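Asker: Got a structure for you, questions after.
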There are 2 protein chains.
Amino acid sequence: MKAVGVVVEYNPFHNGHAYHVQQAKKLTGADIVVAVMSGQFLQRGEPALVDKWARTKMALANGIDLVIELPYVFSTAPAKQFAYGAISLLRAVGCQTFAFGSEDGRLQPFLDSFTLIQQNQALYDALIKDLISTGISYPKALQEAYTTLQQRFPGTYIDLAKPNNILGFHYIEAVSLLKNEIQPFTITRIGAGYHDVIDEHSQIASATGIRQALFNKRALQDVEQFVPSSTYTLLEDWQQTYAAFASWSTFWPLLRFTILRYTPEQLTTFADVSEGIEYALIKHAKGAASFSDFMNKIKSKRYTWTRLQRMLTHIYTGITKQQLHAYTEPSYIRLLGMTESGQHYLSMHKKHMILPLVSRVAAMQNDMLTLDIRATTIYQQGLTSRGIGDDYNIPPIRL
Amino acid sequence: MKAVGVVVEYNPFHNGHAYHVQQAKKLTGADIVVAVMSGQFLQRGEPALVDKWARTKMALANGIDLVIELPYVFSTAPAKQFAYGAISLLRAVGCQTFAFGSEDGRLQPFLDSFTLIQQNQALYDALIKDLISTGISYPKALQEAYTTLQQRFPGTYIDLAKPNNILGFHYIEAVSLLKNEIQPFTITRIGAGYHDVIDEHSQIASATGIRQALFNKRALQDVEQFVPSSTYTLLEDWQQTYAAFASWSTFWPLLRFTILRYTPEQLTTFADVSEGIEYALIKHAKGAASFSDFMNKIKSKRYTWTRLQRMLTHIYTGITKQQLHAYTEPSYIRLLGMTESGQHYLSMHKKHMILPLVSRVAAMQNDMLTLDIRATTIYQQGLTSRGIGDDYNIPPIRL
């Protein structure tokens with residue numbers, strides 16, 4: 001059996017994702033699709049709208065055969081580590097190929113962009129260093145250095161200003177680091193850009209647009225046309241159980257409480273918290289009226305929104321820099337769910353997998369896994385006082 | 001002007017406290033009464049029913065002329081450090097005398113008990129060590145060792161099984177450590193034991209009894225006969241502002257969240273958390289339905305209720321063993337409130353005080369004071385999302 005991998009967050013699963021899954025299978029001729037999916041906290045430094053089990057159900061209902069959790073230490077990391085963790089896991093599960101979404105659907109510009117930077121690494125690093133010393137943000141510096149390289153060595157490259165392209169770039173980098181043992185494909189994204197608001201005349205909207213509609217207190221029906229019916233039902237169930245979708249606004253009272261419990265020095269034990277931002281976090285946690293008010297008060301040229309949100313994720317979950325950076329490789333394959341085909345694939349390939357497969361977390365003692373369990377506990381505290389310890393109670397979901 | 005000191009929590013101020021203040025003044029012939037009062041968290045490891053400013057108002061309305069805050073590091077410490085911090089502060093404010101409540105009103109048994117232990121310290125310590133090795137709790141071991149000493153050297157001693165006597169004993173010890181520069185008096189407590197429930201035919205009830213009545217959802221009127229009218233009005237105001245009196249039950253959702261954010265190893269950074277209790281705290285925080293359910297699950301022969309509650313206080317406020325134990329002496333006199341006579345006393349004696357007087361916290365950089373400010377912030381988060389940073393906003397209360 002051949003498996004193709006996808007790297008996903010499904011926040012929530014929508015029609016564009018369904019298209020991507022179909023195309024991934026078609027393009028690679030795979031028998032099953034394996035998704036490596038972020039757990040409760042996502043790459044942009046946010047809690048997922050609904051928990052990993054609800055999103056697993058969405059995935060299994062729409063063409064995914066195996067859902068594997070991307071551990072917290074990778075799912076909340078910058079693009080480079082996120083991509084490396086995800087692609088490593090896909091390879092560990094035995095995927096020979098994986099497919100990621102991109103704006104124009106050609107792989108070559110990604111490969112060329114990666115080669116451009118790899119072959120001019122020293123120059124690239126020097127350019128970035130110079131640019132950062134002028135006070136601009138790290139992502140801005142990367143982008144300008146990259147533009148300079150492109151001017152010196154003309155060719156057809158990708159635009160690294162687009163979030164999906166940055167991820168794509170790092171997927172290619174991960175393939176190289178993994179000695180080309182897994183083959184990349186890319187699929188044209190259709191219908192909506194990453195940050196687009198929803199358009200009522202379309203069946204395709206970005207997950208960001210869908211979330212915005214949900215948070216703006218619009219009726220769930222407003223997003224119905226953009227998501228499979230299974231997603232819609234799961235969102236409805238969630239709303240009935242928890243009253244709110246998870247977001248920093250929902251978690252704000254606990255997030256504020258958490259920030260205020262730390263001293264500035266203690267805050268610097270979290271990844272990226274340094275250079276005085278620790279004082280701003282405490283000062284504005286005291287004064288802010290809401291999460292968005294807080295973010296508007298702490299944001300600056302030096303810190304992107306995503307970087308700030310990632311800091312907040314680590315502060316909220318209490319996972320320190322030292323804990324995060326203790327790991328460079330995934331050390332287990334955490335199974336969140338499977339279809340019958342997925343189960344069949346596992347029974348055939350399990351013995352050859354290079355990492356242990358975890359169906360029951362209680363059966364494994366692993367520090368990295370402990371952080372995933374902790375992330376669930378803290379995520380759930382933001383929503384309800386029930387449901388604590390679900391990682392121990394919920395077996396892999398079967399469809 | 002002569003000042004007599006009292007060491008108080010006023011949780012809440014009741015008729016028995018009013019009697020004590022009057023007697024303290026009468027017995028010592030003092031012109032004013034200075035209260036060193038615990039801040040937001042108390043010696044039994046609990047949040048105060050109402051905050052330190054409401055309790056300051058109660059005190060000033062009922063015969064106290066100056067209210068000085070006992071810093072968090074002393075107010076939440078075992079009896080020995082609590083007593084030493086409080087008596088040191090009274091001396092620092094210039095009190096020549098202080099008066100504490102006791103069951104039978106005689107000072108000599110306290111002095112004799114202190115001498116008994118002091119002169120047989122090596123024997124006493126050895127007895128305690130032996131007893132602890134049999135697995136009984138520290139307070140129980142102290143008590144049995146003390147009984148043995150009394151049998152060997154018969155005399156009239158105090159009963160150290162009573163919480164107020166233990167404090168009285170450590171007040172005498174503090175006087176000795178402070179080279180007898182402050183003179184102790186004791187006043188017979190009247191009408192109600194420390195833990196008694198309220199009796200509707202009396203004007204006197206213990207603070208514990210009053211709190212129990214308030215937490216059992218009885219109408220505020222049920223406690224009216226036991227407290228001065230000023231206390232009653234302040235309790236009424238509090239209830240209208242915050243809906244709930246502060247207690248671990250009120251704070252339980254945040255306390256649980258706090259415990260669950262720590263790893264067992266991180267919990268051992270808090271005072272007294274060791275020998276496996278860290279695992280029990282996490283396990284039962286997950287499963288418990290309420291604070292009392294939680295306490296029933298974690299309590300054991302080894303840990304007294306008070307000791308467990310003190311651990312929880314430190315965990316909740318995030319103040320570590322290292323932070324707590326960095327201080328052995330008060331380093332400032334934090335003024336919470338004053339009457340006109342109190343103000344007059346301060347203007348006369350301020351220059352000779354051996355510690356700086358703090359009326360505005362913003363005017364002083366002091367690590368110990370930072371912990372008091374933090375305790376207020378975290379205390380207030382348990383009650384409301386408003387009112388953060390009150391230590392900076394509320395000047396000393398004047399009556």
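In the structure tokens, the first chain shown is A, the next is B, and so on; residue numbers restart at 1 for each chain, and ligands run from 1 in the order shown.
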What's around region 277-280 of chain A at 9 Å? Count only C-alpha atoms, leave out sequence neighbours fewer than 5 positions away in its own chain, and write the answer as a PDB file with N, CA and C atoms, in the first residue's frame.

Answerer:
```
ATOM      1  N   THR A 263       6.941  36.789  37.218  1.00  0.00           N
ATOM      2  CA  THR A 263       7.784  37.975  37.288  1.00  0.00           C
ATOM      3  C   THR A 263       8.375  38.175  35.889  1.00  0.00           C
ATOM      4  N   PRO A 264       8.859  39.380  35.592  1.00  0.00           N
ATOM      5  CA  PRO A 264       9.505  39.583  34.286  1.00  0.00           C
ATOM      6  C   PRO A 264      10.615  38.562  34.047  1.00  0.00           C
ATOM      7  N   GLU A 265      11.400  38.253  35.065  1.00  0.00           N
ATOM      8  CA  GLU A 265      12.511  37.300  34.904  1.00  0.00           C
ATOM      9  C   GLU A 265      11.962  35.916  34.551  1.00  0.00           C
ATOM     10  N   GLN A 266      10.880  35.519  35.214  1.00  0.00           N
ATOM     11  CA  GLN A 266      10.294  34.206  34.919  1.00  0.00           C
ATOM     12  C   GLN A 266       9.769  34.164  33.484  1.00  0.00           C
ATOM     13  N   LEU A 267       9.231  35.267  32.992  1.00  0.00           N
ATOM     14  CA  LEU A 267       8.710  35.280  31.620  1.00  0.00           C
ATOM     15  C   LEU A 267       9.820  35.037  30.601  1.00  0.00           C
ATOM     16  N   THR A 268      11.040  35.439  30.957  1.00  0.00           N
ATOM     17  CA  THR A 268      12.140  35.237  30.004  1.00  0.00           C
ATOM     18  C   THR A 268      12.558  33.765  29.901  1.00  0.00           C
ATOM     19  N   ALA A 285      -0.980  43.400  30.358  1.00  0.00           N
ATOM     20  CA  ALA A 285      -1.939  42.407  30.876  1.00  0.00           C
ATOM     21  C   ALA A 285      -2.758  43.051  31.998  1.00  0.00           C
ATOM     22  N   LYS A 297      -1.643  46.741  22.199  1.00  0.00           N
ATOM     23  CA  LYS A 297      -0.721  47.463  23.070  1.00  0.00           C
ATOM     24  C   LYS A 297       0.694  46.882  23.047  1.00  0.00           C
ATOM     25  N   ILE A 298       0.826  45.568  22.843  1.00  0.00           N
ATOM     26  CA  ILE A 298       2.181  44.983  22.897  1.00  0.00           C
ATOM     27  C   ILE A 298       2.856  44.896  21.531  1.00  0.00           C
TER      28      ILE A 298
END
```

Asker: Identify every residue of chain A that has at least one atom within 9 Å of any atom of chain B, counting only C-alpha atoms, and report the result as a list in words.

Answerer: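 My answer is Pro253, Leu254, Phe257, Thr258, Leu260, Arg261, Tyr262, Thr263, Lys286, Gly287, Tyr316, Thr317, Gly318, Ile319, Arg374, Thr377, Ile378, Gln381, Gly382, Ser385, Ile388 and Gly389 of chain A.
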
Asker: Would you put the residues from that selection into a file with C-alpha atoms, as a PDB file, in the first residue's frame?

Answerer:
```pdb
ATOM      1  CA  PRO A 253      -9.142  35.755  31.532  1.00  0.00           C
ATOM      2  CA  LEU A 254      -6.898  32.714  32.097  1.00  0.00           C
ATOM      3  CA  PHE A 257      -4.072  35.469  35.051  1.00  0.00           C
ATOM      4  CA  THR A 258      -1.170  33.386  33.795  1.00  0.00           C
ATOM      5  CA  LEU A 260       0.294  38.184  35.947  1.00  0.00           C
ATOM      6  CA  ARG A 261       1.532  35.204  37.959  1.00  0.00           C
ATOM      7  CA  TYR A 262       5.016  35.557  36.469  1.00  0.00           C
ATOM      8  CA  THR A 263       7.784  37.975  37.288  1.00  0.00           C
ATOM      9  CA  LYS A 286      -2.820  44.582  33.866  1.00  0.00           C
ATOM     10  CA  GLY A 287      -4.365  47.358  31.856  1.00  0.00           C
ATOM     11  CA  TYR A 316      -0.185  30.000  28.699  1.00  0.00           C
ATOM     12  CA  THR A 317       0.801  26.341  28.594  1.00  0.00           C
ATOM     13  CA  GLY A 318       3.781  26.964  30.883  1.00  0.00           C
ATOM     14  CA  ILE A 319       6.179  25.226  28.512  1.00  0.00           C
ATOM     15  CA  ARG A 374      -0.265  19.173  29.225  1.00  0.00           C
ATOM     16  CA  THR A 377      -5.229  19.968  29.851  1.00  0.00           C
ATOM     17  CA  ILE A 378      -4.486  23.678  29.666  1.00  0.00           C
ATOM     18  CA  GLN A 381      -9.257  24.654  31.097  1.00  0.00           C
ATOM     19  CA  GLY A 382      -9.890  27.646  28.872  1.00  0.00           C
ATOM     20  CA  SER A 385     -13.933  22.812  33.997  1.00  0.00           C
ATOM     21  CA  ILE A 388      -9.625  17.159  32.101  1.00  0.00           C
ATOM     22  CA  GLY A 389      -7.171  14.474  31.079  1.00  0.00           C
TER      23      GLY A 389
END
```

Asker: Select from region 129-313 of chain A everything DSSP, run on the backbone, classes as strand (DSSP E or B), then give the selection as a list in words.

Answerer: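 Matching residues for strand (DSSP E or B) in region 129-313 of chain A are Gln183, Pro184, Phe185, Thr186, Ile187, Thr188, Ser300 and Tyr303 of chain A.
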
Asker: Quick one: distance from CA of Ser206 (chain A) to CA of Ser38 (chain A) in Å, one decimal?

Answerer: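 Computing it gives 17.4 Å between the two atoms.
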
Asker: Could you check which of B:Ile87, B:Pro396, B:Arg302, B:Thr76 is closest to Asn180 (chain B), using only C-alpha atoms?

Answerer: B:Ile87

Asker: Return the single residue from A:Met58, A:Ala213, A:Val7, A:Leu70 that is closest to Phe98 (chain A), with distances computed using only C-alpha atoms.

Answerer: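 Among the listed residues, the smallest separation from Phe98 (chain A) belongs to A:Val7.
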
Asker: Which residue out of A:Asp104, A:Thr306, A:Ala59, A:Ile182 has the minimum interatomic distance to Ser137 (chain A) when only C-alpha atoms are used?

Answerer: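 Under the stated criterion, the closest residue is A:Thr306.
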